[in-house]
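Visitor: Hey, dropping upload.csv in here, CSV, C-alpha atoms and all ligand atoms:
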chain,number,residue,atom,x,y,z
A,1,MET,CA,91.4,99.1,80.4
A,2,GLU,CA,88.2,97.3,79.4
A,3,VAL,CA,87.8,94.1,81.4
A,4,LYS,CA,85.4,91.4,80.2
A,5,PHE,CA,83.5,89.6,82.9
A,6,SER,CA,82.2,86.1,83.0
A,7,ALA,CA,81.4,84.8,86.5
A,8,ARG,CA,80.6,81.2,87.5
A,9,SER,CA,76.9,80.5,87.9
A,10,ALA,CA,75.6,80.0,91.4
A,11,GLU,CA,75.5,76.2,90.9
A,12,GLN,CA,79.2,76.2,89.6
A,13,LEU,CA,80.6,78.1,92.6
A,14,LYS,CA,82.9,76.0,94.8
A,15,ILE,CA,82.7,76.1,98.6
A,16,PRO,CA,85.9,77.5,100.2
A,17,PRO,CA,87.4,75.3,102.9
A,18,ALA,CA,85.6,75.7,106.3
A,19,SER,CA,88.9,75.7,108.1
A,20,MET,CA,92.5,76.2,106.8
A,21,SER,CA,94.0,73.7,109.2
A,22,GLY,CA,95.3,70.7,107.3
A,23,VAL,CA,95.1,72.6,103.9
A,24,ILE,CA,98.6,72.4,102.3
A,25,PHE,CA,99.9,75.9,101.2
A,26,GLY,CA,98.9,76.7,97.6
A,27,THR,CA,96.8,73.7,96.8
A,28,VAL,CA,93.3,75.2,96.8
A,29,PHE,CA,92.2,77.9,94.3
A,30,SER,CA,89.3,80.4,94.3
A,31,ASP,CA,86.4,80.5,91.8
A,32,HIS,CA,87.8,83.1,89.4
A,33,MET,CA,91.0,84.3,87.8
A,34,PHE,CA,92.1,87.4,85.8
A,35,CYS,CA,93.8,86.9,82.3
A,36,MET,CA,95.0,89.3,79.7
A,37,GLU,CA,97.2,88.9,76.6
A,38,TRP,CA,100.0,90.9,75.0
A,39,GLU,CA,101.0,90.9,71.4
A,40,GLU,CA,103.6,92.9,69.6
A,41,GLY,CA,102.0,95.9,67.9
A,42,LYS,CA,98.8,95.5,70.0
A,43,GLY,CA,100.0,95.7,73.6
A,44,TRP,CA,97.9,94.3,76.4
A,45,HIS,CA,94.4,93.3,75.3
A,46,ASN,CA,91.7,90.7,76.0
A,47,ALA,CA,91.5,91.4,79.7
A,48,GLU,CA,89.0,89.1,81.3
A,49,ILE,CA,87.9,88.0,84.8
A,50,LYS,CA,86.6,84.5,84.3
A,51,PRO,CA,86.1,81.2,86.0
A,52,TYR,CA,89.4,79.6,87.3
A,53,GLY,CA,90.4,76.8,84.9
A,54,PRO,CA,93.0,75.3,82.7
A,55,LEU,CA,95.0,77.5,80.2
A,56,MET,CA,95.1,76.7,76.5
A,57,LEU,CA,98.7,76.6,75.6
A,58,GLU,CA,100.4,75.0,72.6
A,59,PRO,CA,103.2,72.6,73.6
A,60,SER,CA,105.5,74.9,71.5
A,61,SER,CA,104.8,77.9,73.8
A,62,MET,CA,108.1,79.5,74.5
A,63,VAL,CA,107.7,79.6,78.3
A,64,LEU,CA,107.5,75.8,78.4
A,65,HIS,CA,111.0,75.5,76.8
A,66,TYR,CA,113.0,78.5,77.9
A,67,ALA,CA,111.2,79.7,81.1
A,68,GLN,CA,110.8,83.3,80.0
A,69,MET,CA,108.4,84.3,82.7
A,70,SER,CA,107.9,86.2,86.0
A,71,PHE,CA,105.6,85.8,89.0
A,72,GLU,CA,104.7,87.6,92.2
A,73,GLY,CA,103.3,86.7,95.6
A,74,LEU,CA,101.2,89.0,97.7
A,75,LYS,CA,98.3,88.4,100.1
A,76,ALA,CA,94.8,89.7,101.0
A,77,TYR,CA,94.0,89.7,104.7
A,78,GLN,CA,90.8,89.8,106.6
A,79,THR,CA,91.3,92.3,109.5
A,80,ASP,CA,89.8,92.0,112.9
A,81,SER,CA,87.0,94.4,111.8
A,82,GLY,CA,86.1,92.1,108.9
A,83,GLU,CA,87.6,94.4,106.2
A,84,HIS,CA,89.7,92.9,103.4
A,85,VAL,CA,93.1,94.6,102.8
A,86,LEU,CA,96.3,94.3,100.7
A,87,PHE,CA,99.8,94.9,102.0
A,88,ARG,CA,102.0,97.2,99.9
A,89,PRO,CA,100.6,95.8,96.6
A,90,ARG,CA,102.3,98.4,94.4
A,91,GLU,CA,105.7,97.2,95.6
A,92,ASN,CA,104.9,93.7,94.1
A,93,PHE,CA,103.9,95.1,90.7
A,94,LYS,CA,106.9,97.5,90.7
A,95,ARG,CA,109.1,94.4,91.3
A,96,MET,CA,107.2,92.5,88.6
A,97,ASN,CA,108.1,95.3,86.2
A,98,ARG,CA,111.7,95.2,87.2
A,99,THR,CA,111.7,91.4,86.6
A,100,SER,CA,110.1,92.1,83.2
A,101,LEU,CA,113.0,94.3,82.2
A,102,ARG,CA,115.5,91.5,83.0
A,103,MET,CA,113.4,88.7,81.4
A,104,CYS,CA,112.3,90.8,78.3
A,105,LEU,CA,108.6,90.7,79.3
A,106,PRO,CA,106.1,93.5,78.7
A,107,GLU,CA,105.6,95.9,81.6
A,108,LEU,CA,102.3,96.3,83.4
A,109,ASP,CA,100.3,99.5,84.1
A,110,ILE,CA,100.5,99.2,87.9
A,111,GLU,CA,97.3,101.2,88.7
A,112,GLU,CA,95.2,99.4,86.1
A,113,VAL,CA,96.3,95.9,87.3
A,114,LEU,CA,95.7,96.8,90.9
A,115,THR,CA,92.2,98.1,90.1
A,116,THR,CA,91.4,94.8,88.3
A,117,LEU,CA,93.0,92.7,91.1
A,118,LYS,CA,90.7,94.5,93.5
A,119,LYS,CA,87.7,93.7,91.3
A,120,LEU,CA,88.7,90.0,91.3
A,121,LEU,CA,89.2,90.1,95.0
A,122,ARG,CA,85.7,91.6,95.6
A,123,LEU,CA,84.2,88.9,93.4
A,124,ASP,CA,85.9,86.1,95.3
A,125,SER,CA,85.7,87.9,98.7
A,126,GLY,CA,84.3,84.7,100.3
A,127,TRP,CA,87.7,83.0,99.7
A,128,VAL,CA,89.6,85.3,102.0
A,129,PRO,CA,90.0,83.0,105.1
A,130,TYR,CA,89.4,84.5,108.5
A,131,GLU,CA,91.2,82.2,111.0
A,132,ALA,CA,94.3,83.7,112.7
A,133,GLY,CA,97.4,83.6,110.5
A,134,THR,CA,95.5,82.8,107.3
A,135,SER,CA,95.2,84.9,104.1
A,136,LEU,CA,94.3,84.7,100.4
A,137,TYR,CA,97.6,84.3,98.5
A,138,ILE,CA,97.7,86.2,95.2
A,139,ARG,CA,99.8,84.9,92.4
A,140,PRO,CA,100.3,87.2,89.4
A,141,THR,CA,102.2,85.5,86.6
A,142,ILE,CA,103.5,86.5,83.1
A,143,LEU,CA,104.3,83.7,80.5
A,144,ALA,CA,105.9,83.9,77.1
A,145,THR,CA,103.3,82.2,74.8
A,146,GLU,CA,104.6,82.6,71.2
A,147,GLU,CA,104.4,79.2,69.6
A,148,ALA,CA,108.1,78.8,68.5
A,149,ILE,CA,111.0,76.8,69.8
A,150,GLY,CA,113.8,79.0,68.4
A,151,LEU,CA,115.4,81.0,71.3
A,152,LYS,CA,114.4,84.7,71.0
A,153,VAL,CA,112.2,87.3,72.7
A,154,SER,CA,108.6,86.1,72.5
A,155,SER,CA,106.2,88.2,70.6
A,156,LYS,CA,103.2,87.0,72.7
A,157,TYR,CA,102.5,86.9,76.4
A,158,LEU,CA,99.8,85.8,78.9
A,159,PHE,CA,99.3,87.5,82.2
A,160,PHE,CA,97.1,85.9,84.8
A,161,ILE,CA,96.3,86.3,88.5
A,162,ILE,CA,95.0,83.3,90.6
A,163,LEU,CA,94.0,83.3,94.2
A,164,SER,CA,94.7,80.6,96.9
A,165,PRO,CA,93.5,80.6,100.5
A,166,VAL,CA,96.5,79.7,102.7
A,167,GLY,CA,97.5,79.1,106.3
A,168,PRO,CA,101.1,79.0,107.5
A,169,TYR,CA,103.7,78.3,104.8
A,170,TYR,CA,105.7,75.8,106.9
A,171,PRO,CA,103.8,73.1,108.7
A,172,GLN,CA,105.9,74.1,111.8
A,173,GLY,CA,104.1,77.5,111.7
A,174,PHE,CA,106.0,80.3,113.5
A,175,ASN,CA,108.5,78.0,115.1
A,176,PRO,CA,112.3,77.7,114.7
A,177,VAL,CA,113.4,75.7,111.6
A,178,LYS,CA,116.7,73.8,111.1
A,179,ILE,CA,118.7,75.1,108.2
A,180,MET,CA,121.6,73.5,106.2
A,181,VAL,CA,124.2,75.7,104.6
A,182,SER,CA,124.4,74.6,100.9
A,183,GLU,CA,128.1,73.9,100.1
A,184,LYS,CA,127.4,72.0,96.9
A,185,TYR,CA,124.8,74.2,95.1
A,186,VAL,CA,124.3,78.0,94.5
A,187,ARG,CA,121.0,79.7,93.8
A,188,ALA,CA,122.1,82.6,91.6
A,189,VAL,CA,125.2,84.1,90.1
A,190,PRO,CA,126.5,87.7,89.6
A,191,GLY,CA,125.0,89.1,86.4
A,192,GLY,CA,122.3,86.4,86.4
A,193,VAL,CA,118.6,86.6,87.3
A,194,GLY,CA,118.8,86.2,91.1
A,195,TYR,CA,117.1,89.6,91.8
A,196,ALA,CA,114.3,88.8,89.4
A,197,LYS,CA,111.2,86.8,90.6
A,198,THR,CA,111.3,84.2,87.9
A,199,GLY,CA,110.7,80.5,88.0
A,200,GLY,CA,114.2,79.4,87.1
A,201,ASN,CA,115.6,80.7,90.4
A,202,TYR,CA,113.2,78.5,92.2
A,203,ALA,CA,113.7,75.5,89.9
A,204,ALA,CA,117.5,75.8,90.6
A,205,SER,CA,116.8,75.5,94.4
A,206,ILE,CA,114.7,72.4,94.4
A,207,LEU,CA,117.5,69.7,94.5
A,208,ALA,CA,119.3,71.4,97.3
A,209,GLU,CA,116.1,71.7,99.3
A,210,LYS,CA,115.3,68.0,98.6
A,211,GLU,CA,118.7,66.9,99.8
A,212,ALA,CA,118.5,69.1,102.9
A,213,LYS,CA,115.1,67.6,103.7
A,214,GLU,CA,116.5,64.1,103.4
A,215,LEU,CA,119.0,65.0,106.1
A,216,GLY,CA,116.3,66.5,108.4
A,217,TYR,CA,116.6,70.2,107.5
A,218,THR,CA,113.7,72.4,106.5
A,219,GLN,CA,115.6,74.7,104.1
A,220,VAL,CA,119.1,75.6,102.8
A,221,LEU,CA,121.1,78.7,103.4
A,222,TRP,CA,122.5,80.0,100.1
A,223,LEU,CA,126.1,81.4,99.9
A,224,ASP,CA,127.4,83.6,97.1
A,225,ALA,CA,128.4,81.7,93.9
A,226,VAL,CA,132.0,83.1,93.6
A,227,GLU,CA,133.6,82.8,97.0
A,228,ARG,CA,131.0,80.5,98.6
A,229,ARG,CA,131.5,82.7,101.7
A,230,TYR,CA,128.9,85.4,101.8
A,231,ILE,CA,125.3,84.7,102.9
A,232,GLU,CA,122.6,85.5,100.3
A,233,GLU,CA,119.2,84.0,101.2
A,234,VAL,CA,117.6,81.2,103.1
A,235,GLY,CA,115.3,78.8,101.2
A,236,SER,CA,113.0,81.2,99.2
A,237,MET,CA,113.4,84.0,101.8
A,238,ASN,CA,115.7,86.8,102.7
A,239,ILE,CA,117.7,86.4,105.8
A,240,PHE,CA,118.3,88.6,108.9
A,241,PHE,CA,120.7,88.4,111.8
A,242,LEU,CA,120.8,90.1,115.2
A,243,ILE,CA,124.5,90.8,115.7
A,244,ASN,CA,125.4,92.7,118.9
A,245,GLU,CA,121.9,94.1,119.0
A,246,GLU,CA,122.1,95.3,115.4
A,247,ILE,CA,119.7,94.0,112.7
A,248,VAL,CA,121.9,92.9,109.7
A,249,THR,CA,120.9,91.6,106.3
A,250,PRO,CA,122.9,90.9,103.2
A,251,GLN,CA,123.1,93.9,100.9
A,252,LEU,CA,121.4,93.5,97.5
A,253,THR,CA,124.1,92.5,95.1
A,254,GLY,CA,122.0,91.5,92.1
A,255,SER,CA,121.8,87.8,93.0
A,256,ILE,CA,119.4,88.4,96.0
A,257,LEU,CA,115.7,88.9,95.7
A,258,PRO,CA,114.6,92.4,96.9
A,259,GLY,CA,111.9,91.1,99.2
A,260,ILE,CA,108.9,93.4,100.2
A,261,THR,CA,108.9,91.8,103.7
A,262,ARG,CA,112.7,92.4,103.8
A,263,MET,CA,112.2,96.1,103.0
A,264,SER,CA,109.4,96.3,105.6
A,265,VAL,CA,111.6,94.7,108.3
A,266,LEU,CA,114.4,97.2,107.5
A,267,GLU,CA,111.9,100.2,107.7
A,268,LEU,CA,110.3,98.9,110.9
A,269,GLY,CA,113.6,98.3,112.6
A,270,LYS,CA,114.7,101.9,111.7
A,271,HIS,CA,111.3,103.2,112.9
A,272,TRP,CA,111.9,101.5,116.3
A,273,GLY,CA,115.2,103.1,116.6
A,274,LEU,CA,117.2,99.9,116.2
A,275,LYS,CA,120.5,99.9,114.4
A,276,VAL,CA,119.9,98.4,111.0
A,277,SER,CA,122.5,97.6,108.3
A,278,GLU,CA,122.7,96.1,104.8
A,279,ARG,CA,126.1,94.7,104.2
A,280,ARG,CA,128.1,91.6,103.3
A,281,VAL,CA,127.8,88.9,105.9
A,282,SER,CA,130.1,85.9,105.8
A,283,ILE,CA,129.2,82.5,107.1
A,284,ASP,CA,132.4,82.6,109.2
A,285,GLU,CA,131.2,85.7,110.9
A,286,ILE,CA,127.9,84.1,111.8
A,287,LEU,CA,129.4,80.8,113.0
A,288,LYS,CA,131.9,82.6,115.1
A,289,GLY,CA,129.1,84.9,116.4
A,290,LEU,CA,126.9,82.0,117.3
A,291,LYS,CA,129.8,80.5,119.3
A,292,ASP,CA,130.8,83.7,121.1
A,293,GLY,CA,127.2,84.8,121.7
A,294,SER,CA,127.3,88.0,119.5
A,295,VAL,CA,124.8,86.5,117.1
A,296,THR,CA,121.7,86.0,119.1
A,297,GLU,CA,118.8,85.7,116.5
A,298,ILE,CA,118.4,84.6,112.9
A,299,PHE,CA,115.2,84.7,110.9
A,300,GLY,CA,114.0,84.5,107.3
A,301,SER,CA,111.5,86.9,105.8
A,302,GLY,CA,109.1,86.5,102.8
A,303,THR,CA,105.5,87.0,101.8
A,304,ALA,CA,104.5,83.3,102.2
A,305,ALA,CA,106.1,82.6,105.6
A,306,VAL,CA,106.2,86.3,106.8
A,307,ILE,CA,109.0,85.8,109.5
A,308,SER,CA,110.5,82.3,110.0
A,309,PRO,CA,112.9,81.9,113.0
A,310,VAL,CA,116.0,79.8,112.5
A,311,GLY,CA,116.8,77.5,115.4
A,312,VAL,CA,119.8,75.5,114.1
A,313,LEU,CA,122.4,76.1,111.3
A,314,SER,CA,124.4,73.2,110.0
A,315,TYR,CA,127.7,73.8,108.1
A,316,LYS,CA,130.3,71.3,107.0
A,317,GLY,CA,128.6,68.6,109.1
A,318,GLU,CA,128.6,70.7,112.3
A,319,GLU,CA,125.4,71.9,113.9
A,320,CYS,CA,125.2,75.3,115.6
A,321,GLN,CA,122.2,76.3,117.8
A,322,VAL,CA,121.0,79.9,117.5
A,323,GLY,CA,120.6,81.4,121.0
A,324,ASN,CA,118.7,78.8,123.0
A,325,GLY,CA,117.1,77.3,119.9
A,326,GLU,CA,113.8,79.2,120.7
A,327,THR,CA,112.3,82.1,118.8
A,328,GLY,CA,114.1,85.3,119.9
A,329,PRO,CA,112.4,88.5,121.2
A,330,ILE,CA,113.3,90.7,118.2
A,331,THR,CA,112.2,88.0,115.7
A,332,SER,CA,108.9,87.8,117.6
A,333,ARG,CA,108.5,91.5,117.7
A,334,PHE,CA,108.9,91.7,113.9
A,335,TYR,CA,106.4,88.9,113.4
A,336,GLU,CA,103.9,90.4,115.8
A,337,GLN,CA,104.2,93.9,114.3
A,338,LEU,CA,104.1,92.9,110.7
A,339,THR,CA,101.1,90.5,111.1
A,340,GLY,CA,99.6,93.1,113.5
A,341,ILE,CA,99.6,95.7,110.7
A,342,GLN,CA,98.4,93.2,108.1
A,343,TYR,CA,95.5,92.1,110.3
A,344,GLY,CA,94.6,95.6,111.5
A,345,LYS,CA,95.5,94.7,115.1
A,346,VAL,CA,98.0,97.5,115.6
A,347,ALA,CA,98.5,101.0,114.1
A,348,ASP,CA,99.9,101.2,110.5
A,349,PRO,CA,102.4,104.1,110.8
A,350,PHE,CA,103.5,103.8,107.2
A,351,ASP,CA,100.1,103.3,105.4
A,352,TRP,CA,101.2,100.0,104.1
A,353,VAL,CA,97.8,98.5,104.2
A,354,GLU,CA,95.2,99.4,101.6
A,355,SER,CA,91.5,98.5,101.4
A,356,ILE,CA,90.1,96.3,98.7
A,401,LIG,C1,106.7,84.1,98.6
A,401,LIG,O1,107.3,84.1,99.7
A,401,LIG,O2,105.6,84.6,98.4
A,401,LIG,C2,107.3,83.3,97.5
A,401,LIG,O3,107.1,83.7,96.4
A,401,LIG,C3,108.0,82.1,97.7
A,401,LIG,C4,107.2,80.9,97.1
A,401,LIG,C5,108.2,79.7,97.0
A,401,LIG,C6,106.0,80.6,97.8
Translate this structure into structure tokens?
Ligand code: COI

Guide:
Amino acid sequence: MEVKFSARSAEQLKIPPASMSGVIFGTVFSDHMFCMEWEEGKGWHNAEIKPYGPLMLEPSSMVLHYAQMSFEGLKAYQTDSGEHVLFRPRENFKRMNRTSLRMCLPELDIEEVLTTLKKLLRLDSGWVPYEAGTSLYIRPTILATEEAIGLKVSSKYLFFIILSPVGPYYPQGFNPVKIMVSEKYVRAVPGGVGYAKTGGNYAASILAEKEAKELGYTQVLWLDAVERRYIEEVGSMNIFFLINEEIVTPQLTGSILPGITRMSVLELGKHWGLKVSERRVSIDEILKGLKDGSVTEIFGSGTAAVISPVGVLSYKGEECQVGNGETGPITSRFYEQLTGIQYGKVADPFDWVESI
């Protein structure tokens, strides 16, 4: 793939934040972006690394009306030795291609896109923050851009990648959050797009999150749409439970996002010799387990927050504390090990990390 290149001049370059403390997640962007277009009969073309800036889209662009799109989230880290690395980037682009199949978007050539992403990251290497727990969040996105407001498969698309230096996703950092079980709303339905990383899933979650926040909770716990009984996700993350010393997460049913951090937690747990299972988990089992002491830890997993301990669950107006309300030892072990691998502090037995 031929990639055109137009960098900002020295005078136009922005200065990355001196410290990430106080910078809200995803509000600052680096100097450059990658864009390419797709058109029926032509495939991907017009690949270009260029200064970060506004897109030119007609108001009739299909994505603005029918949300035919997909996005991804991955991170570049500065290791303790000063090297810049990515964590399992191919998994993100494989998932993007799976989302594309569901959303009728064109697929990407994973190796070509990864090579170009690395070029962009080398150009904007000064934007990879170095303070503990910080990283450069990478947001690849595909949008349907045909100028038409009849509902159909678009014949034109735009792919872009933008970069945002970030600190912790939640202002609480790695501290237990209070979660409200959503009784009123569901995130995704069987046969729908829950497993796809597409904007509509996130749009559908905003009202529930807003209402939970008004009641003093950080996020909502999503139950299945049919029986309103089986646990699916927490906020925009996958969820894990420690039940009688076993790591349990809801099995992928089609309405759950197959998280890369989720997959890594499962693989790490097995590697440590822990019992790990993917199965249906009902809210009743968890509430009973919290009361009788068989459920000792709960945490969310995702790229943005990595591992997020749950301290309190609220269901039907009743609050239940998880363990003693503090972060549990297994939750901490996953957090330390995953971030240890990402920042090059501990051995990477799976070769998950790749240099830029
Ligand atoms: C991520 O965890 O990377 C996500 O894509 C969630 C998003 C709401 C930041």

Visitor: Record the distance separating CA of Lys345 (chain A) and atom C4 of ligand LIG 401 (chain A), expressed in Å with one decimal.

Guide: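 Separation between CA of Lys345 (chain A) and atom C4 of ligand LIG 401 (chain A): 25.5 Å.
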
Visitor: Nearest to ligand LIG 401 (chain A) among A:Leu121, A:Ile206, A:Val113, A:Met263, with distances taken over only C-alpha atoms and all ligand atoms: which residue is it?

Guide: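 Ranked by minimum distance to ligand LIG 401 (chain A), first place goes to A:Ile206.
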
Visitor: For ligand LIG 401 (chain A), which residue out of A:Gly317, A:Pro17, A:Gly340, A:Gly199 is the nearest one, using all atoms listed in the file?

Guide: A:Gly199

Visitor: Could you list, as a list in words, every residue within 10 Å of Asn324 (chain A), counting only C-alpha atoms and ignoring same-chain residues fewer than 4 positions away?

Guide: Thr296, Glu297, Gly311, Val312 and Gly328 of chain A

Visitor: Kindly give the distance, in Å, that separates CA of Asp292 (chain A) and CA of Val226 (chain A), rounded to a single decimal.

Guide: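 Computed distance, CA of Asp292 (chain A) to CA of Val226 (chain A), equals 27.5 Å.
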
Visitor: Tell me which of A:Arg262, A:His65, A:Arg8, A:Lys184 sits closest to ligand LIG 401 (chain A), counting all atoms listed in the file.

Guide: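 Among the listed residues, the smallest separation from ligand LIG 401 (chain A) belongs to A:Arg262.
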
Visitor: Show me, as an MDAnalysis selection string, the residues that have an atom within 8 Å of region 230-236 of chain A when counting only C-alpha atoms, minus same-chain residues fewer than 4 positions from it.

Guide: chainID A and resid 202 205 209 219:224 250 255:256 280:283 300 302

Visitor: With 6 Å on each side, where is the centre of the axis-aligned box around all listed atoms of region 35-43 of chain A, and how long are its edges in Å to one decimal, as lines of an AutoDock Vina configuration file?

Guide:
center_x = 98.7
center_y = 91.4
center_z = 75.1
size_x = 21.8
size_y = 21.0
size_z = 26.4

Visitor: Counting all atoms listed in the file, figure out which residue out of A:His84, A:Lys118, A:Lys156, A:Arg187 gets nearest to Tyr130 (chain A).

Guide: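 Among the listed residues, A:His84 lies closest to Tyr130 (chain A).
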
Visitor: Compute the set of protein, DNA and RNA residues whose minimum atom distance to ligand LIG 401 (chain A) is at most 7 Å, using all atoms listed in the file, and state it as a list in words.

Guide: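 Selection of residues at most 7 Å from ligand LIG 401 (chain A): Glu72, Gly73, Leu74, Ser236, Met237, Gly302, Thr303, Ala304 and Ala305 of chain A.
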
Visitor: Which residues, written as a VMD selection string, have at least one atom at most 9 Å from region 35-41 of chain A, with only C-alpha atoms counted and residues fewer than 6 positions away on the same chain left out?

Guide: chain A and resid 3 47 to 50 106 154 to 161

Visitor: Between A:Ser264, A:Leu117, A:Ser30, A:Glu11, single out the one closest to Ile341 (chain A), counting only C-alpha atoms.

Guide: A:Ser264

Visitor: Interatomic distance between CA of Glu183 (chain A) and CA of Leu242 (chain A)?

Guide: 23.3 Å

Visitor: Compile the contact shell of Lys316 (chain A) as a ChimeraX atom specification: residues with an atom at most 10 Å away, counting all atoms listed in the file, same-chain residues fewer than 5 positions apart removed.

Guide: /A:180-183

Visitor: Considering all atoms listed in the file, can you say which of A:Ile24, A:Val265, A:Ile142, A:Ala10 comes closest to Trp44 (chain A)?

Guide: A:Ile142
